[in-house]
Amino acid sequence: MKNNKSFDSSLQDVVYSLDVGVGLKILRALLYFLLVLITLLIYQATQFHGLNSNEAMDLAQLGKNFSFSDGLITKNISPMTIYEVEKFDQTPRINNHPNLIHPPGYPMLLSIGYKFYQILGLDPFNLAGSIKMPAEQWVIIPLNHIFTLLTGWLIFSIGKHLFYREIGFLSMTIYFLSDIAWQTSISGLNLSMAIFFSVAAYRSIIVSIRYKLEENSKSRFILHFICSIIFSVFAFYSRYLSSIIIVGILIYLWLCLGRFRGGTSYFFIYLLLFLFLISPWLIRNYLISGNPFGLVLHTALLGTPSYPDFTYFQQYGNEITFKEINNLLKQKWILNYSGAYESLIPGIGGGLLMSFFITTFFYKFIRPNINHLRTSLGICIILFIFVAGFFSDSSISLINMFWPFVIIYGLSFFYILLDRINFGARLYVVIAKCFIVGLSVLPFGFRLMPPHEGRPYPPYYPPYISMVSSEWLNEREVICTDMPWATAWYGNRVSILLPINLEQYYLINDYKQYISAIYFTTITKNKPFLDLVNGKDKDWMDIMNGRLPSDFPLKSLINLNKIDQTFLSDSERWNNNSSE
């Protein structure tokens, strides 16, 4: 009888918990997570059809190399990187070429994912006739999704600490229903990782300041202060440009603590510890290339008027003056500002939240630390816009790391407006909140509507890329192509970017590394006819059309996919399907 009463009592406790207690909160959290997961899967199923950017493939192959080698080496090589490595090493190091473009964090994390996949007895790099590599579907994209989900939780936490729980929850919901978040996640780039650690660094310093000023807990202040430094270091190792947040964090630290609360001391402690922790990688780059950031600063010259596309990296030993660099970077910044920024900035926040965020700079919040955070973010955004304009579109897209703060501040100002208007009836307030959320997620809804983008061909068709590089060449041979990042990723072959002309091709082939094949794709073949005849690719025009010079080492040619791709080799490897 006693046991039955005990059982009835326990059952009533469970029912009560599910009705109003902790169980109800857990149930709601699980349902919320399930809805977010369904949204994620629908977005990936309709929008992701394989990697479609050279940078994403380059990062993916770096992770693959790190899994099976002794260091962070690359198989995506260019004449320019060969020249730069030779200046310090006296050898081109073709088969052990150091990575001098990307920081190591994201590739190393990918390598762990690849290893885990193999522990399960599966091959993450086996295409098996598919246009999507398993590593992309089950390692790269899920890893980015995890960072996006964790960033959403950080947004909730920041909103709760700065304002209150409801703003944090709605901010997180808007983020999970924003096209910006998931488009970044399926790109395969290191952006989601950089955004997560950048927001985490800011969140930790926000919590740290709160414990210092409002709760007077020195131990918790120090703990979160150190966590912020660690997260900012991880952000740097994810993507160099994300280290701009250090400026904002340091400004926030000094404004909140000031010189009378040790603000200056903490300012320098934070900065020195950050520099100390990133110094091993900077020293490594300096010893290999003579520059702490490797060749990443050289990438600023890509896409300039004098060096369109990858022209600068196609040249072996190109030396230009500081004056020329200065003029080219000015032109590129203006072109980026009038092009990429024109479409990017209004898209942040769907317009309305962005407007509210900007308006908060003319409003004074009651708590000083909220005003100081907004000031530090404003300075950081301006600095980011200036620096990112010199680099690639993906670098410009990193501005999305400020999108969580745009949501939080924009939503908080919207709540202030609701209080001032004083609707009276709660129903009107709920409708207004639904309205702001609905407007914010409109771009996400439009993205999911058909028609959807197809596979990334031209130029990327993984079965062809794998066939010409991994089936027709053996692992000791080197291929030259106009998309070495793709053949390095899908074909796992050392790949050299097509040199600017035949003279430099002969220089590399005769004195640096014998090239077993050349692979032309639509990247070159789809260029305007006048550019091929009179432009930088004029030396390759005759070769693509089968008119080979008498001394050209590769005599066998085959056209793929209705002549929009051409493969040249020293023998007819496609007949015997052998590279021996």
# chains A, B, ... in the order shown; residues from 1 in each chain; ligands from 1
$ closest_atom_pairs --of "range 20-120 of chain A" --to "range 312-331 of chain A" --cutoff "10 Å" --atoms "only C-alpha atoms" --output "Markdown table"
| residue | atom | partner | partner_atom | distance |
| --- | --- | --- | --- | --- |
| A:Ile77 | CA | A:Phe313 | CA | 9.3 |
| A:Ser78 | CA | A:Phe313 | CA | 5.9 |
| A:Pro79 | CA | A:Tyr316 | CA | 4.7 |
| A:Met80 | CA | A:Phe313 | CA | 4.9 |
| A:Thr81 | CA | A:Phe313 | CA | 7.3 |
| A:Ile82 | CA | A:Tyr316 | CA | 7.4 |
| A:Tyr83 | CA | A:Gly317 | CA | 5.6 |
| A:Glu84 | CA | A:Gly317 | CA | 7.7 |
| A:Lys87 | CA | A:Gly317 | CA | 9.7 |
$ residues_around --residues "range 233-242 of chain A" --least-positions-apart "6" --cutoff "9 Å" --atoms "only C-alpha atoms" --output "list in words"
His102, Pro103, Pro104, Gly105, Tyr106, Pro107, Asn190, Leu191, Met193, Ala194, Ile195, Phe196, Phe197, Ser198, Ala201, Phe274, Leu275, Leu277, Ile278, Trp281, Phe293, Val296, Phe384, Val387, Ala388, Ser395, Leu398 and Met401 of chain A
$ residues_around --residues "Trp489 in chain A" --least-positions-apart "5" --cutoff "7 Å" --atoms "only C-alpha atoms" --output "VMD selection string"
chain A and resid 57 60 to 61
$ closest_residue --among "A:Leu149, A:Leu223, A:Leu297, A:Leu530" --to "Ile101 in chain A" --atoms "only C-alpha atoms"
A:Leu297
$ residues_around --residues "Asp179 in chain A" --least-positions-apart "4" --cutoff "12 Å" --atoms "only C-alpha atoms" --output "list in words"
Thr39, Leu40, Tyr43, Gln44, Gln47, Thr148, Ile174, Tyr175, Gln183, Thr184, Ser185, Ile186, Gly347, Ile348, Gly349, Gly350, Asn400, Trp403, Ser440, Val441, Leu442, Pro443, Phe444, Gly445, Phe446, Arg447 and Leu448 of chain A
$ atom_distance --atom1 "CA of Asn474 in chain A" --atom2 "CA of Ala517 in chain A"
11.2 Å
$ select_by_dssp --residues "range 197-408 of chain A" --states "alpha helix (DSSP H)" --output "ChimeraX atom specification"
/A:197-213,218-238,245-257,263-289,322-338,340-344,352-359,368-388,393-397,403-408
$ closest_residue --among "A:Leu427, A:Leu295, A:Ile229, A:Leu24" --to "Tyr266 in chain A" --atoms "only C-alpha atoms"
A:Ile229
$ atom_distance --atom1 "CA of Pro134 in chain A" --atom2 "CA of Pro484 in chain A"
20.4 Å
$ residues_around --residues "range 111-123 of chain A" --least-positions-apart "6" --cutoff "7 Å" --atoms "only C-alpha atoms" --output "PyMOL selection string"
chain A and resi 63-64+66-67+135+139
$ residues_around --residues "Lys75 in chain A" --least-positions-apart "4" --cutoff "6 Å" --atoms "only C-alpha atoms" --output "MDAnalysis selection string"
chainID A and resid 488 494:495
$ atom_distance --atom1 "CA of Phe176 in chain A" --atom2 "CA of Gly410 in chain A"
16.1 Å
$ residues_around --residues "Arg573 in chain A" --least-positions-apart "2" --cutoff "12 Å" --atoms "only C-alpha atoms" --output "list in words"
Met467, Val468, Ser469, Ser470, Glu471, Trp472, Leu473, Asn474, Ser516, Ala517, Leu554, Lys555, Ser556, Leu557, Ile558, Phe567, Leu568, Ser569, Asp570, Ser571, Asn575, Asn576, Asn577, Ser578, Ser579 and Glu580 of chain A
